[in-house]
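S.K.: Okay, here's the structure, questions in a sec.
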6 protein chains.
Amino acid sequence: MSAHDLIPLSPLLYLPLVHTALAEDLGAAGDITSDSIIPDTTMVRVTLASRQAGCLAGIDIAEAVFKQVDARLQVEKFCKDGAALCPGDTIAIISGPARAALTAERTALNFLGHLSGIASATARMVAATEGHKARICCTRKTIPGMRALQKYAVRAGGGANHRFGLDDAVLIKDNHIGVAGGVRTAIARARAHAGHMVKIEVEVDTLAQLEEALLEKPDIILLDNMSNDMLRDAVRINNGRAILEASGNVNLDTVAGIAATGVDLISVGALTHSSACLDLGLDFDWAG
Amino acid sequence: MSAHDLIPLSPLLYLPLVHTALAEDLGAAGDITSDSIIPDTTMVRVTLASRQAGCLAGIDIAEAVFKQVDARLQVEKFCKDGAALCPGDTIAIISGPARAALTAERTALNFLGHLSGIASATARMVAATEGHKARICCTRKTIPGMRALQKYAVRAGGGANHRFGLDDAVLIKDNHIGVAGGVRTAIARARAHAGHMVKIEVEVDTLAQLEEALLEKPDIILLDNMSNDMLRDAVRINNGRAILEASGNVNLDTVAGIAATGVDLISVGALTHSSACLDLGLDFDWAG
Amino acid sequence: MSAHDLIPLSPLLYLPLVHTALAEDLGAAGDITSDSIIPDTTMVRVTLASRQAGCLAGIDIAEAVFKQVDARLQVEKFCKDGAALCPGDTIAIISGPARAALTAERTALNFLGHLSGIASATARMVAATEGHKARICCTRKTIPGMRALQKYAVRAGGGANHRFGLDDAVLIKDNHIGVAGGVRTAIARARAHAGHMVKIEVEVDTLAQLEEALLEKPDIILLDNMSNDMLRDAVRINNGRAILEASGNVNLDTVAGIAATGVDLISVGALTHSSACLDLGLDFDWAG
Amino acid sequence: MSAHDLIPLSPLLYLPLVHTALAEDLGAAGDITSDSIIPDTTMVRVTLASRQAGCLAGIDIAEAVFKQVDARLQVEKFCKDGAALCPGDTIAIISGPARAALTAERTALNFLGHLSGIASATARMVAATEGHKARICCTRKTIPGMRALQKYAVRAGGGANHRFGLDDAVLIKDNHIGVAGGVRTAIARARAHAGHMVKIEVEVDTLAQLEEALLEKPDIILLDNMSNDMLRDAVRINNGRAILEASGNVNLDTVAGIAATGVDLISVGALTHSSACLDLGLDFDWAG
Amino acid sequence: MSAHDLIPLSPLLYLPLVHTALAEDLGAAGDITSDSIIPDTTMVRVTLASRQAGCLAGIDIAEAVFKQVDARLQVEKFCKDGAALCPGDTIAIISGPARAALTAERTALNFLGHLSGIASATARMVAATEGHKARICCTRKTIPGMRALQKYAVRAGGGANHRFGLDDAVLIKDNHIGVAGGVRTAIARARAHAGHMVKIEVEVDTLAQLEEALLEKPDIILLDNMSNDMLRDAVRINNGRAILEASGNVNLDTVAGIAATGVDLISVGALTHSSACLDLGLDFDWAG
Amino acid sequence: MSAHDLIPLSPLLYLPLVHTALAEDLGAAGDITSDSIIPDTTMVRVTLASRQAGCLAGIDIAEAVFKQVDARLQVEKFCKDGAALCPGDTIAIISGPARAALTAERTALNFLGHLSGIASATARMVAATEGHKARICCTRKTIPGMRALQKYAVRAGGGANHRFGLDDAVLIKDNHIGVAGGVRTAIARARAHAGHMVKIEVEVDTLAQLEEALLEKPDIILLDNMSNDMLRDAVRINNGRAILEASGNVNLDTVAGIAATGVDLISVGALTHSSACLDLGLDFDWAG
């Protein structure tokens with residue numbers, strides 16, 4: 001088991017959302033098109049392939065969609081989540097009742113395309129920073145209802161997860177500092193109230209704030225919207241004390257430069273709020 | 001009441017998702033950062049503004065997020081959904097308990113940024129096709145759980161909605177036609193089984209198929225991946241009989257040319273599966 | 001696959017309601033009578049038969065009730081939904097643990113009797129209009145929570161479905177027309193706002209209104225509470241342009257006369273809001 | 001507070017079903033007809049009246065439907081549940097935004113018509129047995145999901161409730177007796193296992209079984225499908241020991257004769273599984 | 001089948017709570033410890049044993065927890081609910097994927113320890129009253145969400161259940177009597193309104209109240225906080241007419257004395273609101 | 001805002017459980033006793049007081065129970081959560097409709113008594129360790145469905161929270177170490193996979209394991225079942241590097257001795273799995 005293994009998501013974490021998505025698509029009458037046209041006895045063999053280079057995420061969820069619609073559908077998987085995809089790569093072959101396969105198709109692809117899109121965007125960032133220690137990580141800027149799955153997709157793409165919600169870690173931002181009257185008071189209050197099991201991160205905008213924050217020994221310091229020069233200074237000042245996270249103006253053009261400053265993490269909201277879908281296709285083989 | 005009025009979404013359609021999103025963010029312990037640092041009595045005045053040009057969608061949902069977290073939060077809205085936004089435009093001012101405002105902030109922005117991103121992408125397509133009759137419309141390529149809201153955002157951007165699920169309209173695709181043994185049989189089967197209250201659309205790839213389909217008088221014909229020349233021929237052949245929808249390779253560069261062919265609708269999956277978030281900001285005024 | 005085949009309902013559409021119904025009946029303590037009296041090891045063979053002539057609907061749902069209570073219960077089905085039943089006809093034989101069979105019995109029959117009652121009432125109307133093109137259809141006058149299943153039962157009885165909710169088709173009624181200031185404005189507003197994928201129906205009370213409505217080319221026109229003479233005139237005036245639906249004062253005595261006027265559809269609220277349960281019986285064979 | 005007062009149902013018992021019913025009707029897009037045609041500012045005054053003689057049940061639930069759709073809708077109620085209605089009686093006046101009133105109308109009527117139908121059928125049975133001590137009561141033959149409300153409607157009609165589920169009372173039927181090997185063993189087993197807080201009822205088909213059952217002192221004895229002569233004998237034999245409930249072949253023609261035998265209760269499955277909807281109407285006053 | 005058999009709880013009654021408990025523990029990211037450290041292929045054999053003397057309750061629920069986390073986990077059960085446990089007794093052996101076993105462990109034990117704690121406390125009370133007819137029973141003083149399971153645990157310990165909720169039996173307390181103006185009026189009102197299928201219990205504080213209550217023939221009389229002398233008098237006065245339940249100041253020291261007074265039931269709120277967890281242990285055998 | 005302030009729980013975190021608890025108690029028929037006996041117009045003034053010394057937790061939740069049953073009930077609170085209670089202390093006065101107050105009473109007390117019982121047990125441990133730096137903290141040994149509320153009650157009692165679920169912190173136990181083949185590998189794997197936002201704790205049984213663990217710099221080390229002498233050695237060896245948590249055999253007699261060893265935290269499963277209910281009483285004043 002190496003550090004690069006992706007750990008599968010428990011079905012307990014995605015099955016409720018699979019039910020929600022199918023309910024959303026089936027409505028009160030179900031798939032009236034396929035029900036009308038496709039005989040109950042017609043079997044099919046469907047090839048799921050990538051039409052784009054990217055990184056796979058969500059194949060077990062897609063499989064669950066097919067199985068929920070009809071347990072007789074068999075899904076043979078050729079790739080695991082986290083796999084690099086080339087255009088044309090076969091991801092899976094689904095066999096069984098054609099009607100059910102058609103009913104499940106769009107919902108399965110909606111999960112798989114969205115999550116693979118996130119994984120692919122993450123993987124591109126990860127590739128762009130290769131050779132640096134900085135890890136790419138996500139934020140709480142997610143699409144309502146999808147957070148757990150989106151964060152899994154970031155892991156599939158080789159990224160790291162930031163906190164999952166307001167409750168599992170402290171992140172002190174400028175507004176908190178403003179109200180508290182200073183970085184040190186803010187950290188002290190958080191430490192006094194939050195449990196010993198949660199990490200404390202504080203956002204700083206200036207190197208002076210950084211030095212002040214370090215006096216309170218936060219676990220992580222978020223360097224927000226700093227130039228690469230400032231980031232380098234921050235790394236030097238920090239001298240290994242806190243984990244340093246950079247954020248702001250991160251894109252494929254800038255990310256390598258940011259990574260080169262020596263920060264530990266680079267967080268990118270766009271991974272989960274603005275990734276384009278990965279283009280996938282289903283090919284139906286009626287002779288199969 | 002003009003044709004361009006956007007009709008507000010009933011809260012019954014979005015409140016359940018607001019609860020889901022807040023539960024996702026609050027977890028079991030709530031906002032441990034703000035709870036620790038912000039006194040219960042601190043009040044704040046927050047200005048929500050756009051940082052980008054675009055089109056607003058979801059302001060009532062964002063308001064509901066704030067009100068669900070604390071009913072004492074007041075939301076003064078300066079723009080309605082569907083409004084064009086310039087960078088710097090003030091969208092709303094939220095006043096009340098600072099702790100609650102900070103707790104609600106991210107969830108409110110996650111809804112508003114995502115939906116406004118979709119509305120903005122739609123509005124750009126709509127603007128690009130101005131002067132043509134073709135309307136921009138969405139597909140079922142949506143993010144699980146978000147379909148009703150995403151389709152509303154398309155309307156906010158001036159677009160039209162395609163069907164909402166597998167159950168409210170018939171859409172006969174190539175695979176259905178393949179199994180049925182031809183366009184005409186497929187349409188006939190659908191008409192025999194589907195209710196008289198649902199429209200029937202059929203996807204065709206060639207002009208021959210189009211002519212064959214027209215014999216069965218479907219309500220809509222989807223012209224998939226045709227060149228603009230073929231689309232023009234299709235419009236001529238159709239001669240006003242069916243509603244014509246074009247799809248495939250639609251983007252801001254190609255959409256005007258497609259609209260110029262005379263089709264009635266242009267459907268774009270990317271509006272809902274790949275729109276980037278609109279950049280919005282919250283500015284906290286502690287003296288307010 | 002003929003036009004008369006009934007398409008089975010996806011379990012995804014009825015399993016949630018099966019859980020609701022069992023929860024309602026089991027409460028917090030379960031079947032205290034059978035639990036107390038029937039040893040866990042007693043097996044039984046139960047014959048489900050009709051005690052009345054009618055039309056079957058819901059047999060897969062009844063089977064699901066038995067299987068949810070105890071997966072060891074086997075249900076051998078001798079009739080499919082849509083089948084005509086004579087008194088005494090065996091519908092299914094359930095075998096397995098007696099305690100579970102007794103626990104599931106009432107809930108299974110509550111679904112099956114109610115839905116078969118609707119199917120039977122529909123089938124009687126369908127039979128009464130044989131030889132005419134008019135199809136019998138249902139309305140939104142359904143019992144809360146049961147709409148999707150009741151509409152399926154109407155299909156099982158040979159009827160057609162009207163819209164499933166307020167969202168999947170436009171139906172302009174007298175009050176809408178009153179507010180809009182006329183039939184034509186009302187239709188125009190609906191067409192401007194509603195998607196191209198939804199049909200538009202308008203209700204008219206007079207022939208003058210019918211003529212006015214036809215100018216806007218609605219998909220369907222609802223002729224409300226018209227005499228058969230008026231209906232015949234309406235059919236003549238319409239001359240095949242819109243689909244014509246008659247409603248009001250429809251019962252087994254009047255329906256053939258209405259059908260003879262040449263309308264396309266006859267909608268009957270009573271099918272779903274007032275159908276009596278079909279009388280079914282379970283016979284327990286302890287020697288089985 | 002007299003014995004004839006109807007006790008209102010707690011909103012906690014019906015609000016979840018109101019949400020279910022509205023979700024069912026609004027779907028993903030809401031009331032596209034009213035939204036398109038009725039301006040947001042149009043106000044209306046709607047009179048809810050009975051078109052049939054009967055008994056009211058569900059007016060608070062109907063009010064809740066209107067309030068859930070739009071809290072600005074005001075519902076002035078002129079009748080309480082349990083009230084006798086004559087054709088033309090005004091039940092309530094709803095005032096406020098017209099769009100919301102139209103959206104809520106059908107769901108409100110679906111509850112009110114169904115429950116009032118049950119109350120009315122019950123009230124007719126109660127009236128037919130006036131002068132006798134026998135009370136009319138319902139069964140577990142209810143429509144899935146609606147049991148609590150249907151049983152309330154029976155109370156509104158002056159009837160009594162039988163058990164609410166398998167868990168709140170013991171009812172030993174012929175199959176239980178068959179497996180146990182006799183009435184006495186069956187009752188003894190039930191008494192040994194069921195709590196002291198639940199009543200025990202046993203169904204008997206013959207007078208011999210009745211005498212045997214009485215030896216075990218059940219709380220209630222169900223006399224199933226007995227002739228009136230047998231019922232009279234049963235009343236004599238029982239001599240006030242157990243509560244006697246008659247069932248089978250009960251309708252408006254037979255119920256008085258059954259009541260005259262001196263039984264304590266007459267249970268009627270048809271009240272909840274086969275009652276027709278009460279005909280109610282809404283009249284919209286646009287000048288109001 | 002003897003009176004002392006414990007009847008298993010239907011999975012329909014506990015599976016929803018198993019899902020709730022697992023969701024509570026898994027959060028959005030699942031078991032990050034086991035996922036990180038335990039290879040997917042590692043198998044384990046876990047022995048579940050008691051570390052304390054007591055009475056088992058919830059073993060099927062614990063099994064369901066393991067199976068829900070991973071259907072490949074096998075649970076071999078050596079004891080049934082209701083079994084007396086000695087320290088060291090093996091209760092079950094769980095075999096299969098180690099990662100899933102570790103993920104499920106705490107949730108399974110939380111159910112099993114809590115329910116077995118209640119069963120054990122009940123069994124101790126039952127043992128302390130051996131030789132007397134008085135049965136030990138529970139109350140509505142339960143932990144929110146756990147009532148059905150806690151009441152099952154009381155049965156497992158040999159106790160009896162009091163009512164399950166406010167709806168399945170009448171219990172008239174001092175405050176009801178105060179408002180009604182006397183015991184007799186209170187009972188009469190309850191009898192007039194409550195169905196014939198529910199039992200009526202009345203709480204009395206004095207022997208005078210007892211005599212007054214007996215005139216109305218309630219099913220059960222609750223003797224609250226009476227001395228043993230008063231209880232003995234109450235038993236004599238009652239002379240077998242009502243079921244007599246004693247409550248107040250019941251503990252292992254006092255319960256035998258109370259039972260010796262001849263009351264039928266002794267109710268103990270502490271069984272469900274204050275029982276300590278039974279100490280259970282899981283032993284992992286990696287060579288298994 | 002001091003470190004000792006208890007931060008109120010967001011209603012979003014407890015309202016769903018309030019609904020669950022009321023649904024559990026009201027069943028399908030509601031409070032049939034109070035509904036039958038208490039006129040709708042009777043008002044009452046109820047005093048909620050402590051009958052025992054302890055620490056309050058859950059007063060806002062109890063208030064929510066009363067308000068959910070009837071919004072007209074007014075709750076005047078005299079104590080806040082976290083307050084020390086003496087026998088006889090008035091906690092709150094509830095005024096309004098008597099029927100609703102009686103319906104809500106038991107559910108409100110079930111929350112308040114259980115949570116105050118946990119807070120009180122915690123407060124006793126906290127008091128017993130006064131003067132030492134060690135904080136008392138809870139575990140994941142909670143009652144299914146109640147974790148968030150139980151952990152809040154621990155905070156109300158002055159305790160600290162351990163992790164909330166399997167997902168928000170890493171806790172490496174003996175079994176994980178066994179599979180990994182050693183403490184160091186286990187920590188390394190967890191660090192490689194778990195996000196930088198989660199803390200890592202490792203359980204050790206011996207001082208050798210402690211020294212080995214310290215080489216990997218975990219955030220927290222759990223010293224399981226060590227003697228006070230060993231704990232003192234551990235504190236010395238650790239020398240301020242990791243946070244040290246002691247567990248095992250913690251009770252009111254032993255806790256001060258453990259605290260005196262210098263550990264940072266003492267975790268006690270019994271706080272949440274075995275605390276007895278705090279005895280609270282409601283006193284009804286009908287003249288109020």
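How things are named: the first chain in the structure tokens is A, the next is B, and so on; residues count from 1 in each chain; ligands count from 1 in the order shown.
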Considering only C-alpha atoms, extract the chain F residues located within 6 Å of chain E and return them as a PyMOL selection string.

M.R.: chain F and resi 21+25-27+29-33+36-37+144-145+165-167+170+186+189-190+193+273-274+276-277

S.K.: Run DSSP on the backbone and grab whatever in region 42-287 of chain A lands in alpha helix (DSSP H); send it over as a count of residues only.

M.R.: 98

S.K.: May I ask for the distance between CA of Glu212 (chain E) and CA of Met230 (chain E), given in Å to one decimal place?

M.R.: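 Computed distance, CA of Glu212 (chain E) to CA of Met230 (chain E), equals 15.7 Å.
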